[in-house]
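Engineer: Sharing a structure with you now.
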Amino acid sequence: LMFSATFSPEIQKLAKSFMVQPTLIEVARRNATSENIRQVLFTLDRVEDKRAAICHLIKTESLPQVIVFSNTKLGAARLAVQLQKVGVSATAIHGDKTQAERTKALDAFKAGEVAVLVATDVAARGLDIADLPFVINYDLPGTAEDYVHRIGRTGRAGAKGTAYSFMVKKDDDRLLEDIEKLIGQAIPRETLTGF
């Protein structure tokens, strides 16, 4: 038996190299989002509003445990510092951190010592946190498939989850269009109350 969370062409090639007439069983269609995940999109007018908007969302909704995805290492580090400045316990993991630093940050997050884990896509695949209730796309990902992997960190094993995403008008229109085309649905738009 061979199990894989994703079945990329590389994995298919590997499987064919040692399996004879295998039967493929898929639990969901490729690039499908779970029905257990409530998706919400907040549209902002300016990039400069994103940090204040995410701080507002996390604090007013009292989000207890959330992974926030940033597209850059520097952006992840800066956002973690900004969240700390407004009283939210946060840490960042990205490719410039050592494995020991990433493990320490992840362990603190899993133990509930840190409420927000700000991550680049280094954490989007293969990361399993039991009953993670929230994921936030601070930045929409550059590829639509990464959106599916990011939000798939929540709503796992039958649990419910919420995936919030921020987009900036005009700047992110193409990215959003690609994501919605891939997942075959429009992401519901909401207004960030009080912001």
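Labels for the structure tokens follow display order: chains A, B, ..., residues from 1 in each chain, ligands from 1.
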Could you find all residues in segment 61-152 of chain A that DSSP calls strand (DSSP E) from the backbone, and write them as a PyMOL selection string?
Structural biologist: chain A and resi 66-69+90-93+116-119+134-137
Engineer: Dump all heavy atoms for the selected residues as a tab-separated table (two decimals), in the first residue's frame?
Structural biologist:
chain	number	residue	atom	x	y	z
A	66	VAL	N	-4.56	30.01	15.46
A	66	VAL	CA	-4.67	30.31	14.03
A	66	VAL	C	-3.29	30.28	13.37
A	66	VAL	O	-2.31	30.73	13.95
A	66	VAL	CB	-5.37	31.67	13.79
A	66	VAL	CG1	-4.62	32.81	14.46
A	66	VAL	CG2	-5.55	31.97	12.33
A	67	ILE	N	-3.25	29.69	12.18
A	67	ILE	CA	-2.06	29.81	11.34
A	67	ILE	C	-2.34	30.91	10.32
A	67	ILE	O	-3.39	30.91	9.67
A	67	ILE	CB	-1.74	28.50	10.59
A	67	ILE	CG1	-1.35	27.40	11.56
A	67	ILE	CG2	-0.59	28.73	9.59
A	67	ILE	CD1	-1.04	26.07	10.90
A	68	VAL	N	-1.42	31.84	10.22
A	68	VAL	CA	-1.52	32.94	9.26
A	68	VAL	C	-0.45	32.72	8.20
A	68	VAL	O	0.73	32.56	8.54
A	68	VAL	CB	-1.33	34.31	9.95
A	68	VAL	CG1	-1.33	35.43	8.92
A	68	VAL	CG2	-2.38	34.53	11.01
A	69	PHE	N	-0.85	32.73	6.94
A	69	PHE	CA	0.11	32.52	5.85
A	69	PHE	C	0.49	33.84	5.20
A	69	PHE	O	-0.37	34.62	4.80
A	69	PHE	CB	-0.47	31.57	4.80
A	69	PHE	CG	-0.51	30.15	5.27
A	69	PHE	CD1	-1.69	29.58	5.69
A	69	PHE	CD2	0.65	29.39	5.32
A	69	PHE	CE1	-1.73	28.28	6.14
A	69	PHE	CE2	0.63	28.08	5.77
A	69	PHE	CZ	-0.58	27.52	6.19
A	90	ALA	N	2.32	35.59	19.33
A	90	ALA	CA	2.57	35.14	17.96
A	90	ALA	C	4.04	34.81	17.78
A	90	ALA	O	4.91	35.36	18.47
A	90	ALA	CB	2.17	36.23	16.97
A	91	THR	N	4.30	33.91	16.85
A	91	THR	CA	5.66	33.58	16.45
A	91	THR	C	5.63	33.27	14.95
A	91	THR	O	4.57	33.02	14.39
A	91	THR	CB	6.23	32.39	17.26
A	91	THR	OG1	7.62	32.25	16.99
A	91	THR	CG2	5.51	31.09	16.93
A	92	ALA	N	6.80	33.29	14.33
A	92	ALA	CA	6.89	33.05	12.89
A	92	ALA	C	7.75	31.83	12.60
A	92	ALA	O	8.72	31.56	13.31
A	92	ALA	CB	7.47	34.27	12.18
A	93	ILE	N	7.37	31.09	11.55
A	93	ILE	CA	8.23	30.03	11.03
A	93	ILE	C	8.36	30.23	9.52
A	93	ILE	O	7.40	30.56	8.85
A	93	ILE	CB	7.75	28.60	11.36
A	93	ILE	CG1	6.40	28.28	10.74
A	93	ILE	CG2	7.73	28.35	12.85
A	93	ILE	CD1	6.01	26.82	10.86
A	116	VAL	N	-0.91	32.50	17.66
A	116	VAL	CA	-0.81	32.71	16.21
A	116	VAL	C	0.56	32.24	15.72
A	116	VAL	O	1.60	32.65	16.24
A	116	VAL	CB	-1.01	34.19	15.84
A	116	VAL	CG1	-0.87	34.39	14.34
A	116	VAL	CG2	-2.37	34.68	16.33
A	117	LEU	N	0.52	31.39	14.70
A	117	LEU	CA	1.73	30.93	14.03
A	117	LEU	C	1.72	31.56	12.65
A	117	LEU	O	0.85	31.24	11.83
A	117	LEU	CB	1.73	29.41	13.94
A	117	LEU	CG	2.96	28.75	13.32
A	117	LEU	CD1	4.19	28.98	14.20
A	117	LEU	CD2	2.71	27.26	13.14
A	118	VAL	N	2.63	32.49	12.40
A	118	VAL	CA	2.73	33.15	11.10
A	118	VAL	C	3.74	32.36	10.28
A	118	VAL	O	4.87	32.17	10.72
A	118	VAL	CB	3.15	34.62	11.21
A	118	VAL	CG1	3.11	35.29	9.84
A	118	VAL	CG2	2.26	35.38	12.19
A	119	ALA	N	3.32	31.88	9.12
A	119	ALA	CA	4.16	30.96	8.35
A	119	ALA	C	4.18	31.30	6.88
A	119	ALA	O	3.23	31.85	6.34
A	119	ALA	CB	3.63	29.54	8.53
A	134	PHE	N	-8.71	27.72	12.82
A	134	PHE	CA	-8.65	28.86	11.91
A	134	PHE	C	-7.35	28.90	11.11
A	134	PHE	O	-6.27	28.59	11.62
A	134	PHE	CB	-8.75	30.19	12.68
A	134	PHE	CG	-10.02	30.33	13.45
A	134	PHE	CD1	-10.06	30.06	14.81
A	134	PHE	CD2	-11.19	30.73	12.82
A	134	PHE	CE1	-11.24	30.18	15.53
A	134	PHE	CE2	-12.38	30.85	13.53
A	134	PHE	CZ	-12.40	30.57	14.89
A	135	VAL	N	-7.50	29.34	9.86
A	135	VAL	CA	-6.37	29.63	8.98
A	135	VAL	C	-6.67	31.00	8.37
A	135	VAL	O	-7.81	31.29	8.04
A	135	VAL	CB	-6.23	28.58	7.86
A	135	VAL	CG1	-5.26	29.03	6.79
A	135	VAL	CG2	-5.82	27.24	8.42
A	136	ILE	N	-5.64	31.82	8.24
A	136	ILE	CA	-5.80	33.12	7.59
A	136	ILE	C	-4.77	33.26	6.48
A	136	ILE	O	-3.57	33.05	6.71
A	136	ILE	CB	-5.65	34.30	8.59
A	136	ILE	CG1	-6.70	34.22	9.69
A	136	ILE	CG2	-5.75	35.64	7.84
A	136	ILE	CD1	-6.53	35.28	10.78
A	137	ASN	N	-5.23	33.62	5.30
A	137	ASN	CA	-4.33	33.98	4.21
A	137	ASN	C	-4.13	35.49	4.29
A	137	ASN	O	-4.96	36.25	3.78
A	137	ASN	CB	-4.93	33.59	2.85
A	137	ASN	CG	-4.87	32.11	2.61
A	137	ASN	OD1	-3.79	31.53	2.60
A	137	ASN	ND2	-6.02	31.50	2.44
Engineer: Which polymer residues have any atom within 8 Å of an atom of segment 180-190 of chain A, counting only C-alpha atoms, with same-chain residues fewer than 5 positions away left out, as JSON, numbers by chain?
Structural biologist: {"A": [31, 32, 33, 39, 40, 41, 42, 43, 144, 145, 148]}
Engineer: May I have the selected residues written with N, CA, C and O atoms, as a PDB file, in the first residue's frame?
Structural biologist:
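Final output, saved to result-v3.pdb:
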ATOM      1  N   ASN A  31      -7.506  19.068  -5.734  1.00  0.00           N
ATOM      2  CA  ASN A  31      -7.685  20.507  -5.532  1.00  0.00           C
ATOM      3  C   ASN A  31      -9.091  20.873  -5.063  1.00  0.00           C
ATOM      4  O   ASN A  31      -9.554  21.986  -5.291  1.00  0.00           O
ATOM      5  N   ALA A  32      -9.751  19.928  -4.406  1.00  0.00           N
ATOM      6  CA  ALA A  32     -11.067  20.216  -3.829  1.00  0.00           C
ATOM      7  C   ALA A  32     -10.863  20.762  -2.418  1.00  0.00           C
ATOM      8  O   ALA A  32      -9.934  20.379  -1.714  1.00  0.00           O
ATOM      9  N   THR A  33     -11.736  21.651  -2.023  1.00  0.00           N
ATOM     10  CA  THR A  33     -11.707  22.138  -0.647  1.00  0.00           C
ATOM     11  C   THR A  33     -12.758  21.381   0.154  1.00  0.00           C
ATOM     12  O   THR A  33     -13.792  20.995  -0.375  1.00  0.00           O
ATOM     13  N   GLN A  39     -15.220  29.279   4.188  1.00  0.00           N
ATOM     14  CA  GLN A  39     -14.280  30.202   3.553  1.00  0.00           C
ATOM     15  C   GLN A  39     -14.871  31.610   3.553  1.00  0.00           C
ATOM     16  O   GLN A  39     -16.044  31.787   3.227  1.00  0.00           O
ATOM     17  N   VAL A  40     -14.041  32.577   3.915  1.00  0.00           N
ATOM     18  CA  VAL A  40     -14.469  33.975   3.987  1.00  0.00           C
ATOM     19  C   VAL A  40     -13.394  34.837   3.344  1.00  0.00           C
ATOM     20  O   VAL A  40     -12.205  34.650   3.600  1.00  0.00           O
ATOM     21  N   LEU A  41     -13.823  35.801   2.533  1.00  0.00           N
ATOM     22  CA  LEU A  41     -12.890  36.728   1.891  1.00  0.00           C
ATOM     23  C   LEU A  41     -13.199  38.154   2.327  1.00  0.00           C
ATOM     24  O   LEU A  41     -14.347  38.588   2.267  1.00  0.00           O
ATOM     25  N   PHE A  42     -12.166  38.854   2.787  1.00  0.00           N
ATOM     26  CA  PHE A  42     -12.274  40.274   3.123  1.00  0.00           C
ATOM     27  C   PHE A  42     -11.514  41.058   2.061  1.00  0.00           C
ATOM     28  O   PHE A  42     -10.354  40.769   1.784  1.00  0.00           O
ATOM     29  N   THR A  43     -12.166  42.039   1.463  1.00  0.00           N
ATOM     30  CA  THR A  43     -11.545  42.870   0.443  1.00  0.00           C
ATOM     31  C   THR A  43     -11.138  44.200   1.057  1.00  0.00           C
ATOM     32  O   THR A  43     -11.949  44.866   1.704  1.00  0.00           O
ATOM     33  N   ALA A 144      -2.764  28.944  -7.227  1.00  0.00           N
ATOM     34  CA  ALA A 144      -4.075  28.561  -6.696  1.00  0.00           C
ATOM     35  C   ALA A 144      -4.013  27.265  -5.887  1.00  0.00           C
ATOM     36  O   ALA A 144      -4.707  27.116  -4.881  1.00  0.00           O
ATOM     37  N   GLU A 145      -3.168  26.315  -6.301  1.00  0.00           N
ATOM     38  CA  GLU A 145      -3.053  25.048  -5.577  1.00  0.00           C
ATOM     39  C   GLU A 145      -2.600  25.272  -4.140  1.00  0.00           C
ATOM     40  O   GLU A 145      -3.013  24.545  -3.234  1.00  0.00           O
ATOM     41  N   VAL A 148      -5.467  25.798  -1.694  1.00  0.00           N
ATOM     42  CA  VAL A 148      -6.101  24.562  -1.238  1.00  0.00           C
ATOM     43  C   VAL A 148      -5.283  23.928  -0.122  1.00  0.00           C
ATOM     44  O   VAL A 148      -5.830  23.487   0.893  1.00  0.00           O
TER      45      VAL A 148
END
Engineer: For Gly142 of chain A, which residue out of A:Val122, A:Ala157, A:Leu175, A:Leu127 is the nearest one, using only C-alpha atoms?
Structural biologist: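 Using only C-alpha atoms, Gly142 of chain A sits closest to A:Leu175.
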Engineer: Could you tell me which of A:Tyr138, A:Glu101, A:Ile11, A:Arg174 comes closest to Leu57 of chain A if we count only C-alpha atoms?
Structural biologist: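 Smallest separation from Leu57 of chain A among the options: A:Tyr138.
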Engineer: Which residues are near Arg51 of chain A? Cut-off 12 Å, only C-alpha atoms, ignore same chain within fewer than 5 positions. Put them as number ranges by chain.
Structural biologist: A: 44, 46, 56-58, 68, 70, 75-76, 78-86, 137-139, 166, 195
Engineer: Could the residues in this selection be saved with N, CA and C atoms as a short mmCIF file (atom, residue, chain, number, x, y, z; two decimals), in the first residue's frame?
Structural biologist:
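Generated file (part-v2.cif):
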data_model
loop_
_atom_site.label_atom_id
_atom_site.label_comp_id
_atom_site.auth_asym_id
_atom_site.auth_seq_id
_atom_site.Cartn_x
_atom_site.Cartn_y
_atom_site.Cartn_z
N LEU A 44 -9.88 44.57 0.85
CA LEU A 44 -9.36 45.83 1.37
C LEU A 44 -8.99 46.74 0.20
N ARG A 46 -6.43 49.06 0.34
CA ARG A 46 -4.99 49.35 0.27
C ARG A 46 -4.19 48.26 0.99
N HIS A 56 -7.13 43.43 13.96
CA HIS A 56 -8.52 43.66 14.35
C HIS A 56 -9.30 42.33 14.35
N LEU A 57 -9.16 41.56 13.30
CA LEU A 57 -9.88 40.29 13.18
C LEU A 57 -9.51 39.34 14.31
N ILE A 58 -8.23 39.15 14.54
CA ILE A 58 -7.79 38.20 15.56
C ILE A 58 -8.24 38.63 16.95
N VAL A 68 -1.42 31.84 10.22
CA VAL A 68 -1.52 32.94 9.26
C VAL A 68 -0.45 32.72 8.20
N SER A 70 1.81 34.04 5.11
CA SER A 70 2.39 35.19 4.44
C SER A 70 3.21 34.67 3.27
N GLY A 75 7.90 39.22 5.50
CA GLY A 75 6.52 39.56 5.84
C GLY A 75 6.01 38.77 7.03
N ALA A 76 6.36 37.49 7.09
CA ALA A 76 5.95 36.64 8.21
C ALA A 76 6.57 37.15 9.51
N ARG A 78 7.76 40.17 10.22
CA ARG A 78 7.21 41.49 10.58
C ARG A 78 5.79 41.39 11.12
N LEU A 79 4.98 40.53 10.53
CA LEU A 79 3.61 40.38 11.00
C LEU A 79 3.57 39.80 12.41
N ALA A 80 4.42 38.83 12.70
CA ALA A 80 4.48 38.25 14.05
C ALA A 80 4.82 39.34 15.07
N VAL A 81 5.78 40.20 14.74
CA VAL A 81 6.16 41.30 15.63
C VAL A 81 5.00 42.28 15.81
N GLN A 82 4.30 42.61 14.71
CA GLN A 82 3.16 43.53 14.79
C GLN A 82 2.06 42.96 15.68
N LEU A 83 1.79 41.67 15.56
CA LEU A 83 0.77 41.04 16.40
C LEU A 83 1.18 41.08 17.87
N GLN A 84 2.46 40.85 18.14
CA GLN A 84 2.95 40.91 19.52
C GLN A 84 2.77 42.32 20.10
N LYS A 85 2.98 43.33 19.26
CA LYS A 85 2.85 44.72 19.71
C LYS A 85 1.43 45.07 20.14
N VAL A 86 0.42 44.38 19.55
CA VAL A 86 -0.96 44.67 19.93
C VAL A 86 -1.49 43.66 20.96
N ASN A 137 -5.23 33.62 5.30
CA ASN A 137 -4.33 33.98 4.21
C ASN A 137 -4.13 35.49 4.29
N TYR A 138 -3.06 35.90 4.94
CA TYR A 138 -2.73 37.32 5.00
C TYR A 138 -2.45 37.82 3.60
N ASP A 139 -1.73 37.00 2.85
CA ASP A 139 -1.48 37.24 1.42
C ASP A 139 -2.14 36.09 0.67
N PHE A 166 -7.49 37.63 2.98
CA PHE A 166 -7.48 39.06 2.69
C PHE A 166 -7.03 39.25 1.25
N PHE A 195 -14.17 47.51 11.28
CA PHE A 195 -12.87 47.94 10.74
C PHE A 195 -13.11 48.92 9.62
#
Engineer: Please run DSSP on the backbone and report, as a ChimeraX atom specification, all residues within segment 87-168 of chain A that come out as alpha helix (DSSP H).
Structural biologist: /A:99-110,144-151
Engineer: My list of candidates is A:Leu140, A:Gly194, A:Ala77, A:Gly112. Which is closest to Asp173 of chain A when distances are computed with only C-alpha atoms?
Structural biologist: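 Of all the options, A:Leu140 lies closest to Asp173 of chain A.
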Engineer: What lies within 9 Å of Asp128 of chain A using only C-alpha atoms, ignoring chain neighbours under 3 positions off, as a PyMOL selection string?
Structural biologist: chain A and resi 125+132+153-154+156
Engineer: For Gln12 of chain A, list every protein, DNA or RNA residue within 12 Å, evaluated using only C-alpha atoms, and leave out those in the same chain fewer than 6 positions away; present the list as number ranges by chain.
Structural biologist: A: 2-4, 6, 18-19, 22, 24
Engineer: Find the distance between atom CA of Val88 of chain A and atom CA of Ala52 of chain A and write it in Å to one decimal.
Structural biologist: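 According to the coordinates, atom CA of Val88 of chain A and atom CA of Ala52 of chain A are separated by 12.7 Å.
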Engineer: Choose the residue, out of A:Ala100, A:Leu192, A:Val168, A:Ala130, that has the smallest atom-to-atom separation from Gly155 of chain A; count only C-alpha atoms.
Structural biologist: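 Closest residue, counting only C-alpha atoms: A:Ala130.
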Engineer: Between A:Gly95, A:Pro133, A:Ala163, A:Asn36, which one has atoms that come closest to Ala115 of chain A, using only C-alpha atoms?
Structural biologist: A:Pro133
